[in-house]
Amino acid sequence: MACSVDSTLDICQAEQDSECSMEDENDTSSCMDNDFETVEMDFVGHLIKHNWVDEPAEKITLTRKRWSAATQRVLSSMPSRSVEWTGVAAHSSPRVQSQASSNRDIDKDRVPQRKHLLATLQARSVAECARMLRSLPLSLKKKREVRAQFSCERGRQETSTKDSTRSHFPSWLGKRLSGAQQGVQSLLNSVQLWHEALKQVSGRFGTGVLSYFLFLRTLLLYNFILSMITIPFLVLPQVTRPSHGSSNKISFTGLEILTGTGVLTNSLMFYGYYNYTDGWRPGKTEAYIKGTYNIRLAYILTIGIGLFVTCIMLIYSVFKTLGTSSPMSVSHGNLALKVFSSWDFKISKKVYVQQLSENICTHLKVMLCELHSGIPKRRLMTRLIWLVLHCTAWAICLTCIFCCVLGIYRFSHDRKQFSMNLISEGDTHWLILPLLVCGVNHLIPCVFNMLAWMESYDSFNLRIYIAIIRNLFLKVSMLGVLCYHWLDSIAAGKYGTNNECWETFVGQELYRFLLMDFLFSVLDTIFGNFLWSVFTRKILRRKRKPVFDIALNVLELIYGQTLAWLGILFSPLLPTLQIVKLFLLFYLKRASLMMNYQGPLKPWRATQMTTIFISILCFPSFLGATACITYTMWRLKPSATCGPFRTLSSMFLAGKEWRKSLEISNPGLAWVSWIYMLLGNHIFLFIVAGIFLLVIYIHIQVGDGQRRVTTLLQKQIENEVEDKKFLISKLQTLHEQHE
Amino acid sequence: MGNKQTIFTAQQLDAYQDCTYFTRKEILRLFHRYRDLAPQLVPLDYTNQPDVRLPYELIGSMPELKDNPFRQRIAEVFSEDGEGNMTLDDFLDMFSVLSEMAPRDLKAYYAFKIYDFNNDDFICKSDLEKTLNKLTRNELTEDEVRMVCEKVMDEADLDNDGRLSLEDFQHMIVRAPDFLSTFHIRI
């Protein structure tokens with residue numbers, strides 16, 4: 001008996017020593033020595049309190065006690081004890097996974113694992129190595145050591161394999177591409193616009209409000225890229241070759257900036273100014289003189305390419321944000337998530353930190369109350385009243401929207417009649433429609449807010465979603481009726497609106513709308529917010545300032561951007577105007593925020609909301625604008641007296657003409673015309689669309705399958721937990737029975 | 001690349017760029033932030049890698065960290081000596097992990113270490129209680145703290161050993177989409 005006890009003690013001692021030596025890698029070493037002492041002290045008390053062997057099966061908890069040597073060995077090989085290196089194994093690719101899993105079991109010796117890490121690194125390309133190295137949970141000093149070791153080994157490898165030129169080119173290309181990518185990345189990072197300002201905002205108001213300003217900055221980037229494409233190829237050539245517009249001098253009054261008429265009508269701002277060159281002879285196929293700038297083609301191509309680039313960037317950001325936001329609904333584990341992920345590390349001043357602490361405290365208390373009393377089950381009567389209330393609120397909303405839409409429709413058709421009665425001269429009557437629409441856009445959301453306050457939703461998130469849906473519906477209907485009015489009535493010359501140059505007219509309308517929207521935002525911010533905050537503090541006597549409504553402001557930004565995208569065909573400088581507008585809006589909103597608002601009271605799910613807003617920007621907004629533009633270019637007849645497409649029956653025909661002329665002048669480029677024919681072919685487009693849909697369907701199914709696998713694995717983890725508990729306690733009892 | 005700086009050698013800058021999520025410019029900017037904390041201690045020439053360690057009091061006085069209740073734990077986790085006294089490497093590492101580009105797993109690993117007050121690789125009940133008290137500035141009563149701790153253990157502890165291991169923590173944090181945006185300091 002004594003010898004076996006001695007031997008087990010020796011084994012324990014040996015294991016203790018080896019485990020202590022191998023844990024010098026870990027910064028915060030948890031040497032088993034200390035654990036043993038504390039465990040021994042606990043052990044006595046523990047034994048006195050409980051009779052370990054007789055504990056009921058369901059309530060077995062693996063509290064620390066004096067494990068036998070065998071149990072120790074089993075426990076120390078568990079993955080949770082080899083924390084540092086699981087990161088390495090997790091990052092290795094599937095083909096290296098089998099090696100990793102077999103190495104992980106022998107985690108007693110860390111040296112082979114470091115060698116394995118180096119081997120894994122060497123099997124990768126340079127960029128992947130850097131990426132993998134960065135995501136390792138090691139201290140920077142150790143990472144540099146690993147990197148130094150790995151790069152000198154790699155250097156040795158490369159000098160030895162310098163003869164093999166076969167694999168040289170792909171690796172050279174890979175290095176150049178990754179270098180270029182890093183260059184672009186660093187360029188984008190270096191243009192950190194408003195870095196300090198955003199830091200200040202996030203330090204005081206948190207991540208939610210920051211997301212609004214980041215969204216604004218993203219929109220600025222999109223408009224900038226669009227302007228960079230249109231200005232050099234479209235605007236500058238036209239500047240160098242002024243067309244013969246009307247040469248009569250029109251006096252310039254300040255009002256023209258607002259209405260876009262007068263001097264601005266025949267300027268670079270609008271479609272009508274853009275013209276083909278002097279050498280153009282209409283009606284002949286070989287009309288293009290070599291060497292002249294084909295403004296028609298430039299018009300179509302720049303707008304097409306600009307919109308295409310914007311589309312790619314939008315889809316890329318949608319997928320990027322979709323990747324970070326978790327698709328799993330959080331039904332279980334709310335409290336734990338609240339405790340560990342609610343502290344916003346960006347908040348930096350003492351008073352805001354105090355506010356954040358108070359908010360978290362309140363939420364925890366509310367969640368505790370709910371846990372204990374449960375969400376009260378409503379009686380049938382209250383549920384019915386609640387349902388009636390909601391239906392009424394929705395009915396009121398929809399009626400409001402419908403009335404506004406009808407009003408705008410009637411007004412736009414009888415515009416001349418209405419306005420002639422009010423203002424007899426000047427162009428100011430054109431401003432009435434934008435004024436009405438902007439008024440509707442700013443006042444009706446207040447009505448919606450009041451309704452929502454009356455309905456008093458339980459869940460904060462539900463209230464936000466309902467507000468977003470209602471406002472989105474309002475704005476989409478407004479824009480829909482306006483687009484119908486412009487494209488259907490104005491372009492076709494119905495209802496007595498005979499315009500010589502309807503494209504310029506539509507461009508002017510959009511210009512007016514954009515400016516009016518901006519003016520309303522400015523007035524709303526300066527007067528509305530300031531007055532509202534004074535009202536809540538002095539009259540309603542609330543202790544706190546009002547909360548910044550992120551959803552509403554983001555939807556306004558999206559609305560403005562939709563107008564800019566709609567207008568790019570009719571007014572190529574509109575994105576530049578939008579840039580100026582966004583720039584001014586940033587400073588204005590920030591100033592107003594600092595003065596009038598306080599941080600958000602409820603947690604704002606920044607990641608989810610960003611995904612929703614980018615999706616709204618992509619799908620209804622951008623897609624709608626592109627659809628309108630495509631319809632205009634394809635179906636509508638350009639006006640006969642102005643603009644670059646004046647002799648054609650549709651803007652797309654310019655492309656056909658160019659193709660024909662290319663065939664004649666330069667037969668070598670016949671493949672270009674073949675591609676063009678292919679793109680115009682309906683069957684080809686159907687096939688492409690079909691493939692696209694198929695790819696999307698496959699991705700959705702793969703995602704679905706992965707989710708199912710995740711839930712199955714979760715259940716498996718839980719089952720294995722039970723097994724582990726059972727087996728370890730069995731092992732321990734067996735050992736104790738032997739002693 | 002035309003940079004005239006003499007603080008680091010080109011190899012050092014490359015190494016920093018490969019091991020952190022910062023670009024050259026940001027690394028130099030961070031170096032100047034580090035130096036501004038104690039200009040007399042930090043030399044302008046790091047080419048021979050001097051062993052300079054700024055005491056915790058200086059790190060904790062940075063405006064980004066000054067009012068953060070977890071600043072001491074953050075400094076302790078990222079410092080080499082575990083006391084909060086940071087070298088330049090530790091400083092860069094800290095802000096790299098807390099930057100926007102660090103992936104979720106890396107952030108979860110360090111968040112776990114920050115909330116593990118007694119450094120035993122597990123978040124036990126006492127760690128949780130300390131976390132809660134820091135979050136709410138001791139405004140919750142003892143009963144409430146106890147109830148919250150029990151519920152959190154109930155929800156997050158998968159292997160039922162009475163404390164959270166790194167796996168439990170990571171498993172739970174995966175379901176919090178806001179974790180990436182809140183565990184972030186702008187510098």
# chains A, B, ... in the order shown; residues from 1 in each chain; ligands from 1
>>> closest_atom_pairs(of="range 44-147 of chain B", to="range 10-22 of chain B", cutoff="12 Å", atoms="only C-alpha atoms", output="Markdown table")
| residue | atom | partner | partner_atom | distance |
| --- | --- | --- | --- | --- |
| B:Asp45 | CA | B:Gln12 | CA | 12.0 |
| B:Tyr46 | CA | B:Gln12 | CA | 9.1 |
| B:Thr47 | CA | B:Gln12 | CA | 7.8 |
| B:Asn48 | CA | B:Gln12 | CA | 10.0 |
| B:Gln49 | CA | B:Gln12 | CA | 9.4 |
| B:Leu88 | CA | B:Tyr16 | CA | 10.8 |
| B:Asp89 | CA | B:Tyr16 | CA | 8.8 |
| B:Asp90 | CA | B:Thr20 | CA | 11.0 |
| B:Phe91 | CA | B:Thr20 | CA | 11.0 |
| B:Leu92 | CA | B:Thr20 | CA | 7.5 |
| B:Asp93 | CA | B:Thr20 | CA | 6.7 |
| B:Met94 | CA | B:Thr20 | CA | 9.6 |
| B:Phe95 | CA | B:Thr20 | CA | 8.9 |
| B:Ser96 | CA | B:Tyr21 | CA | 5.5 |
| B:Val97 | CA | B:Tyr21 | CA | 7.8 |
| B:Leu98 | CA | B:Tyr21 | CA | 9.8 |
| B:Ser99 | CA | B:Tyr21 | CA | 7.5 |
| B:Glu100 | CA | B:Tyr21 | CA | 8.7 |
| B:Met101 | CA | B:Tyr21 | CA | 6.4 |
| B:Ala102 | CA | B:Tyr21 | CA | 6.8 |
| B:Pro103 | CA | B:Tyr21 | CA | 10.1 |
| B:Leu106 | CA | B:Tyr21 | CA | 11.9 |
>>> residues_around(residues="range 138-149 of chain B", least_positions_apart="5", cutoff="12 Å", atoms="only C-alpha atoms", output="PyMOL selection string")
(chain A and resi 333-340+354+357-369+371-372) or (chain B and resi 69+123-133+154-157+162-164)
>>> closest_residue(among="A:Phe270, A:Phe652, A:Phe205, A:Phe233", to="Tyr352 in chain A", atoms="only C-alpha atoms")
A:Phe205
>>> residues_around(residues="Thr504 in chain A", least_positions_apart="4", cutoff="9 Å", atoms="only C-alpha atoms", output="count of residues only")
12
>>> closest_atom_pairs(of="range 82-166 of chain B", to="range 721-728 of chain A", cutoff="12 Å", atoms="only C-alpha atoms", output="Markdown table")
| residue | atom | partner | partner_atom | distance |
| --- | --- | --- | --- | --- |
| B:Asp157 | CA | A:Val721 | CA | 10.5 |
| B:Leu158 | CA | A:Val721 | CA | 7.2 |
| B:Asp159 | CA | A:Val721 | CA | 5.2 |
| B:Asn160 | CA | A:Val721 | CA | 7.7 |
| B:Asp161 | CA | A:Lys725 | CA | 8.9 |
>>> write_last_selection(atoms="N, CA, C and O atoms", output="short mmCIF file (atom, residue, chain, number, x, y, z; two decimals), in the first residue's frame")
data_model
loop_
_atom_site.label_atom_id
_atom_site.label_comp_id
_atom_site.auth_asym_id
_atom_site.auth_seq_id
_atom_site.Cartn_x
_atom_site.Cartn_y
_atom_site.Cartn_z
N ASP B 157 -22.04 28.98 -18.51
CA ASP B 157 -21.15 27.90 -18.13
C ASP B 157 -21.62 26.60 -18.76
O ASP B 157 -22.56 25.99 -18.31
N LEU B 158 -20.94 26.18 -19.81
CA LEU B 158 -21.38 24.99 -20.52
C LEU B 158 -20.92 23.70 -19.87
O LEU B 158 -21.63 22.71 -19.90
N ASP B 159 -19.71 23.68 -19.32
CA ASP B 159 -19.24 22.42 -18.73
C ASP B 159 -19.53 22.34 -17.24
O ASP B 159 -19.04 21.44 -16.57
N ASN B 160 -20.34 23.27 -16.77
CA ASN B 160 -20.88 23.18 -15.42
C ASN B 160 -19.84 22.95 -14.35
O ASN B 160 -20.02 22.12 -13.46
N ASP B 161 -18.72 23.65 -14.42
CA ASP B 161 -17.75 23.50 -13.33
C ASP B 161 -17.75 24.73 -12.44
O ASP B 161 -16.84 24.94 -11.66
#
>>> atom_distance(atom1="CA of Leu356 in chain A", atom2="CA of Arg544 in chain A")
13.8 Å
>>> atom_distance(atom1="CA of Leu474 in chain A", atom2="CA of Trp394 in chain A")
12.5 Å
